[in-house]
$ cat final-v9.pdb   # PDB, C-alpha atoms, pLDDT in the B column
MODEL        1
ATOM      1  CA  GLU O   1       7.949   9.014  -1.095  1.00 63.00           C
ATOM      2  CA  ILE O   2       8.232   7.270   2.252  1.00 71.00           C
ATOM      3  CA  LEU O   3      11.042   4.892   3.215  1.00 79.00           C
ATOM      4  CA  ARG O   4      10.464   2.428   6.063  1.00 78.00           C
ATOM      5  CA  CYS O   5      13.286   0.250   7.398  1.00 80.00           C
ATOM      6  CA  LEU O   6      13.416  -2.676   9.803  1.00 74.00           C
ATOM      7  CA  VAL O   7      15.446  -1.806  12.894  1.00 70.00           C
ATOM      8  CA  GLY O   8      18.597  -3.925  13.094  1.00 69.00           C
ATOM      9  CA  SER O   9      18.320  -4.868   9.432  1.00 72.00           C
ATOM     10  CA  GLU O  10      19.285  -3.366   6.096  1.00 77.00           C
ATOM     11  CA  MET O  11      15.852  -4.192   4.639  1.00 79.00           C
ATOM     12  CA  CYS O  12      13.708  -1.189   3.682  1.00 86.00           C
ATOM     13  CA  ILE O  13      10.498  -0.667   1.717  1.00 86.00           C
ATOM     14  CA  GLU O  14       9.663   2.554  -0.111  1.00 87.00           C
ATOM     15  CA  THR O  15       6.175   3.637  -1.213  1.00 87.00           C
ATOM     16  CA  GLU O  16       5.293   6.661  -3.304  1.00 86.00           C
ATOM     17  CA  ARG O  17       2.199   7.654  -1.290  1.00 88.00           C
ATOM     18  CA  THR O  18       1.132   7.866   2.334  1.00 90.00           C
ATOM     19  CA  GLU O  19      -2.493   8.683   1.500  1.00 94.00           C
ATOM     20  CA  PHE O  20      -4.897   9.297  -1.368  1.00 95.00           C
ATOM     21  CA  ALA O  21      -8.581   9.853  -2.073  1.00 97.00           C
ATOM     22  CA  ALA O  22     -10.661   7.964  -4.632  1.00 97.00           C
ATOM     23  CA  LYS O  23     -14.282   7.123  -5.390  1.00 97.00           C
ATOM     24  CA  VAL O  24     -16.221   3.878  -5.238  1.00 98.00           C
ATOM     25  CA  GLY O  25     -15.305   1.889  -8.352  1.00 97.00           C
ATOM     26  CA  ASP O  26     -12.003   3.703  -8.932  1.00 98.00           C
ATOM     27  CA  GLU O  27      -8.807   1.700  -9.387  1.00 97.00           C
ATOM     28  CA  VAL O  28      -5.495   3.165  -8.218  1.00 96.00           C
ATOM     29  CA  GLN O  29      -2.105   1.512  -8.732  1.00 96.00           C
ATOM     30  CA  LEU O  30       0.267   1.627  -5.754  1.00 94.00           C
ATOM     31  CA  SER O  31       3.889   0.595  -5.930  1.00 92.00           C
ATOM     32  CA  ALA O  32       6.570  -0.350  -3.446  1.00 90.00           C
ATOM     33  CA  THR O  33      10.321  -0.723  -3.870  1.00 89.00           C
ATOM     34  CA  VAL O  34      12.319  -3.038  -1.612  1.00 90.00           C
ATOM     35  CA  TYR O  35      15.924  -2.296  -0.630  1.00 88.00           C
ATOM     36  CA  PRO O  36      18.586  -3.538  -0.827  1.00 86.00           C
ATOM     37  CA  THR O  37      18.234  -4.889  -4.342  1.00 80.00           C
ATOM     38  CA  GLY O  38      19.128  -8.550  -4.609  1.00 80.00           C
ATOM     39  CA  THR O  39      16.999  -9.443  -1.579  1.00 79.00           C
ATOM     40  CA  ASP O  40      13.523 -10.984  -1.696  1.00 81.00           C
ATOM     41  CA  GLN O  41      11.433  -8.407  -3.603  1.00 85.00           C
ATOM     42  CA  THR O  42       8.054 -10.044  -2.941  1.00 91.00           C
ATOM     43  CA  VAL O  43       5.614  -7.455  -1.586  1.00 93.00           C
ATOM     44  CA  THR O  44       2.414  -8.602   0.121  1.00 95.00           C
ATOM     45  CA  TRP O  45      -0.479  -6.138  -0.071  1.00 96.00           C
ATOM     46  CA  SER O  46      -3.411  -6.034   2.369  1.00 97.00           C
ATOM     47  CA  SER O  47      -6.401  -3.859   3.242  1.00 98.00           C
ATOM     48  CA  LYS O  48      -7.449  -3.252   6.828  1.00 98.00           C
ATOM     49  CA  ASP O  49     -11.120  -2.951   5.764  1.00 98.00           C
ATOM     50  CA  GLU O  50     -12.125  -4.639   2.510  1.00 98.00           C
ATOM     51  CA  SER O  51     -15.641  -3.163   2.736  1.00 98.00           C
ATOM     52  CA  VAL O  52     -14.000   0.200   1.954  1.00 98.00           C
ATOM     53  CA  ALA O  53     -11.179  -0.801  -0.428  1.00 98.00           C
ATOM     54  CA  LYS O  54      -9.652  -4.016  -1.705  1.00 98.00           C
ATOM     55  CA  VAL O  55      -6.097  -4.404  -2.969  1.00 98.00           C
ATOM     56  CA  SER O  56      -4.772  -6.960  -5.449  1.00 97.00           C
ATOM     57  CA  ASP O  57      -1.508  -8.845  -5.100  1.00 95.00           C
ATOM     58  CA  LYS O  58      -0.105  -6.345  -7.650  1.00 94.00           C
ATOM     59  CA  GLY O  59      -1.006  -3.282  -5.540  1.00 95.00           C
ATOM     60  CA  VAL O  60      -4.134  -2.198  -7.422  1.00 97.00           C
ATOM     61  CA  VAL O  61      -6.563  -0.599  -4.962  1.00 97.00           C
ATOM     62  CA  ILE O  62     -10.281  -0.720  -5.800  1.00 98.00           C
ATOM     63  CA  GLY O  63     -12.775   1.534  -4.011  1.00 98.00           C
ATOM     64  CA  VAL O  64     -15.630  -0.620  -2.669  1.00 98.00           C
ATOM     65  CA  GLY O  65     -17.597   1.562  -0.221  1.00 98.00           C
ATOM     66  CA  LYS O  66     -17.489   4.952   1.474  1.00 98.00           C
ATOM     67  CA  GLY O  67     -15.019   5.283   4.324  1.00 98.00           C
ATOM     68  CA  THR O  68     -11.359   5.248   5.299  1.00 98.00           C
ATOM     69  CA  THR O  69      -8.985   2.310   5.481  1.00 98.00           C
ATOM     70  CA  THR O  70      -5.298   1.490   5.456  1.00 96.00           C
ATOM     71  CA  ILE O  71      -3.493  -0.360   2.680  1.00 96.00           C
ATOM     72  CA  THR O  72      -0.280  -2.059   3.818  1.00 94.00           C
ATOM     73  CA  ALA O  73       2.694  -3.164   1.741  1.00 93.00           C
ATOM     74  CA  GLU O  74       4.891  -5.714   3.527  1.00 92.00           C
ATOM     75  CA  CYS O  75       8.155  -7.431   2.685  1.00 90.00           C
ATOM     76  CA  GLY O  76      10.526  -9.240   5.013  1.00 85.00           C
ATOM     77  CA  GLY O  77       8.826  -7.912   8.143  1.00 85.00           C
ATOM     78  CA  VAL O  78       8.975  -4.294   6.963  1.00 88.00           C
ATOM     79  CA  LYS O  79       5.613  -2.566   6.519  1.00 89.00           C
ATOM     80  CA  ALA O  80       4.565   0.684   4.841  1.00 91.00           C
ATOM     81  CA  ASP O  81       1.025   2.035   5.183  1.00 92.00           C
ATOM     82  CA  CYS O  82      -1.115   4.192   2.916  1.00 93.00           C
ATOM     83  CA  THR O  83      -4.374   5.723   4.167  1.00 95.00           C
ATOM     84  CA  VAL O  84      -7.191   5.560   1.610  1.00 97.00           C
ATOM     85  CA  TYR O  85     -10.273   7.789   1.655  1.00 98.00           C
ATOM     86  CA  ILE O  86     -13.131   6.459  -0.478  1.00 98.00           C
ATOM     87  CA  SER O  87     -16.133   8.614  -1.346  1.00 97.00           C
ATOM     88  CA  ALA O  88     -19.358   7.899  -3.265  1.00 94.00           C
ATOM     89  CA  LYS O  89     -19.301   8.029  -7.076  1.00 85.00           C
TER      90      LYS O  89
ENDMDL
END

$ encode --input "final-v9.pdb" --output "structure tokens"
Amino acid sequence: EILRCLVGSEMCIETERTEFAAKVGDEVQLSATVYPTGTDQTVTWSSKDESVAKVSDKGVVIGVGKGTTTITAECGGVKADCTVYISAK
């Protein structure tokens, strides 16, 4: 697990993975935990290259095409990245 914190703030975001491999068509659930509890817990997910992998607003990554991309979880200015390697079926 990786914990990222915003300098000068108590806000942190923790993800369980920093990288993973999957195949085109695979779905992989990512999760993120925001600290401290009681703060805004809304995590925004994004993919650097949606031709390789897309990510839903719930953190479900779907392999789209061969390649490597970065999935980012963000909350309150704190970001945590996960590198995704997608191969052919």

$ resolve_selection --input "final-v9.pdb" --expression "the PyMOL selection byres ((chain O and resi 43) around 10)" --output "PyMOL selection string"
chain O and resi 13+31-34+40-42+44-46+57-59+72-76+78-79

$ closest_residue --input "final-v9.pdb" --among "O:Cys5, O:Val64, O:Thr37, O:Lys54" --to "Ala80 of chain O" --atoms "all atoms listed in the file"
O:Cys5

$ resolve_selection --input "final-v9.pdb" --expression "the PyMOL selection byres ((chain O and resi 29) around 6)" --output "PDB file with C-alpha atoms, in the coordinates of the input"
ATOM      1  CA  VAL O  28      -5.495   3.165  -8.218  1.00 96.00           C
ATOM      2  CA  LEU O  30       0.267   1.627  -5.754  1.00 94.00           C
ATOM      3  CA  GLY O  59      -1.006  -3.282  -5.540  1.00 95.00           C
ATOM      4  CA  VAL O  60      -4.134  -2.198  -7.422  1.00 97.00           C
TER       5      VAL O  60
END

$ resolve_selection --input "final-v9.pdb" --expression "the PyMOL selection byres ((chain O and resi 84-87) around 7)" --output "PDB file with C-alpha atoms, in the coordinates of the input"
ATOM      1  CA  GLU O  19      -2.493   8.683   1.500  1.00 94.00           C
ATOM      2  CA  PHE O  20      -4.897   9.297  -1.368  1.00 95.00           C
ATOM      3  CA  ALA O  21      -8.581   9.853  -2.073  1.00 97.00           C
ATOM      4  CA  ALA O  22     -10.661   7.964  -4.632  1.00 97.00           C
ATOM      5  CA  LYS O  23     -14.282   7.123  -5.390  1.00 97.00           C
ATOM      6  CA  VAL O  24     -16.221   3.878  -5.238  1.00 98.00           C
ATOM      7  CA  VAL O  52     -14.000   0.200   1.954  1.00 98.00           C
ATOM      8  CA  GLY O  63     -12.775   1.534  -4.011  1.00 98.00           C
ATOM      9  CA  GLY O  65     -17.597   1.562  -0.221  1.00 98.00           C
ATOM     10  CA  LYS O  66     -17.489   4.952   1.474  1.00 98.00           C
ATOM     11  CA  GLY O  67     -15.019   5.283   4.324  1.00 98.00           C
ATOM     12  CA  THR O  68     -11.359   5.248   5.299  1.00 98.00           C
ATOM     13  CA  THR O  69      -8.985   2.310   5.481  1.00 98.00           C
ATOM     14  CA  THR O  70      -5.298   1.490   5.456  1.00 96.00           C
ATOM     15  CA  CYS O  82      -1.115   4.192   2.916  1.00 93.00           C
ATOM     16  CA  THR O  83      -4.374   5.723   4.167  1.00 95.00           C
ATOM     17  CA  ALA O  88     -19.358   7.899  -3.265  1.00 94.00           C
ATOM     18  CA  LYS O  89     -19.301   8.029  -7.076  1.00 85.00           C
TER      19      LYS O  89
END

$ atom_distance --input "final-v9.pdb" --atom1 "atom CA of Tyr35 of chain O" --atom2 "atom CA of Cys12 of chain O"
5.0 Å

$ closest_residue --input "final-v9.pdb" --among "O:Met11, O:Pro36, O:Gly77, O:Asp26" --to "Val55 of chain O" --atoms "all atoms listed in the file"
O:Asp26

$ axis_aligned_box --input "final-v9.pdb" --around "segment 80-85 of chain O" --padding-each-side "3 Å" --output "JSON"
{"center_x": -2.9, "center_y": 4.2, "center_z": 3.4, "size_x": 20.8, "size_y": 13.1, "size_z": 9.6}

$ decode --input "final-v9.pdb" --residues "segment 35-55 of chain O" --atoms "N, CA and C atoms" --output "mmCIF file, in the first residue's frame"
data_model
loop_
_atom_site.group_PDB
_atom_site.id
_atom_site.type_symbol
_atom_site.label_atom_id
_atom_site.label_comp_id
_atom_site.auth_asym_id
_atom_site.auth_seq_id
_atom_site.Cartn_x
_atom_site.Cartn_y
_atom_site.Cartn_z
ATOM 1 N N TYR O 35 -7.530 10.052 4.091
ATOM 2 C CA TYR O 35 -7.325 10.381 5.508
ATOM 3 C C TYR O 35 -7.179 11.879 5.649
ATOM 4 N N PRO O 36 -7.568 12.502 6.741
ATOM 5 C CA PRO O 36 -8.236 11.869 7.878
ATOM 6 C C PRO O 36 -9.694 11.585 7.558
ATOM 7 N N THR O 37 -10.270 10.620 8.260
ATOM 8 C CA THR O 37 -11.694 10.353 8.105
ATOM 9 C C THR O 37 -12.453 11.587 8.563
ATOM 10 N N GLY O 38 -13.633 11.771 8.027
ATOM 11 C CA GLY O 38 -14.425 12.950 8.368
ATOM 12 C C GLY O 38 -14.212 14.092 7.401
ATOM 13 N N THR O 39 -13.200 13.970 6.522
ATOM 14 C CA THR O 39 -12.986 14.972 5.478
ATOM 15 C C THR O 39 -13.709 14.504 4.218
ATOM 16 N N ASP O 40 -13.683 15.331 3.180
ATOM 17 C CA ASP O 40 -14.288 14.953 1.903
ATOM 18 C C ASP O 40 -13.638 13.662 1.417
ATOM 19 N N GLN O 41 -14.411 12.624 1.208
ATOM 20 C CA GLN O 41 -13.906 11.309 0.800
ATOM 21 C C GLN O 41 -14.090 11.049 -0.698
ATOM 22 N N THR O 42 -14.462 12.077 -1.452
ATOM 23 C CA THR O 42 -14.718 11.904 -2.878
ATOM 24 C C THR O 42 -13.410 11.758 -3.642
ATOM 25 N N VAL O 43 -13.230 10.599 -4.277
ATOM 26 C CA VAL O 43 -12.029 10.326 -5.061
ATOM 27 C C VAL O 43 -12.388 10.442 -6.538
ATOM 28 N N THR O 44 -11.578 11.200 -7.278
ATOM 29 C CA THR O 44 -11.748 11.331 -8.718
ATOM 30 C C THR O 44 -10.700 10.463 -9.392
ATOM 31 N N TRP O 45 -11.152 9.596 -10.292
ATOM 32 C CA TRP O 45 -10.261 8.677 -11.004
ATOM 33 C C TRP O 45 -10.061 9.169 -12.428
ATOM 34 N N SER O 46 -8.832 9.012 -12.955
ATOM 35 C CA SER O 46 -8.570 9.389 -14.349
ATOM 36 C C SER O 46 -7.500 8.486 -14.944
ATOM 37 N N SER O 47 -7.523 8.383 -16.280
ATOM 38 C CA SER O 47 -6.535 7.616 -17.022
ATOM 39 C C SER O 47 -5.751 8.570 -17.907
ATOM 40 N N LYS O 48 -4.442 8.425 -17.909
ATOM 41 C CA LYS O 48 -3.604 9.287 -18.737
ATOM 42 C C LYS O 48 -3.805 8.982 -20.223
ATOM 43 N N ASP O 49 -4.097 7.717 -20.556
ATOM 44 C CA ASP O 49 -4.288 7.315 -21.953
ATOM 45 C C ASP O 49 -5.453 6.339 -22.043
ATOM 46 N N GLU O 50 -6.626 6.852 -22.414
ATOM 47 C CA GLU O 50 -7.823 6.018 -22.471
ATOM 48 C C GLU O 50 -7.833 5.054 -23.648
ATOM 49 N N SER O 51 -6.858 5.140 -24.555
ATOM 50 C CA SER O 51 -6.758 4.142 -25.625
ATOM 51 C C SER O 51 -6.109 2.868 -25.090
ATOM 52 N N VAL O 52 -5.505 2.944 -23.922
ATOM 53 C CA VAL O 52 -4.883 1.780 -23.275
ATOM 54 C C VAL O 52 -5.804 1.238 -22.180
ATOM 55 N N ALA O 53 -6.269 2.109 -21.290
ATOM 56 C CA ALA O 53 -7.170 1.692 -20.209
ATOM 57 C C ALA O 53 -8.072 2.851 -19.819
ATOM 58 N N LYS O 54 -9.316 2.516 -19.539
ATOM 59 C CA LYS O 54 -10.279 3.490 -19.029
ATOM 60 C C LYS O 54 -10.544 3.161 -17.577
ATOM 61 N N VAL O 55 -10.987 4.163 -16.814
ATOM 62 C CA VAL O 55 -11.312 3.937 -15.407
ATOM 63 C C VAL O 55 -12.647 4.613 -15.103
#
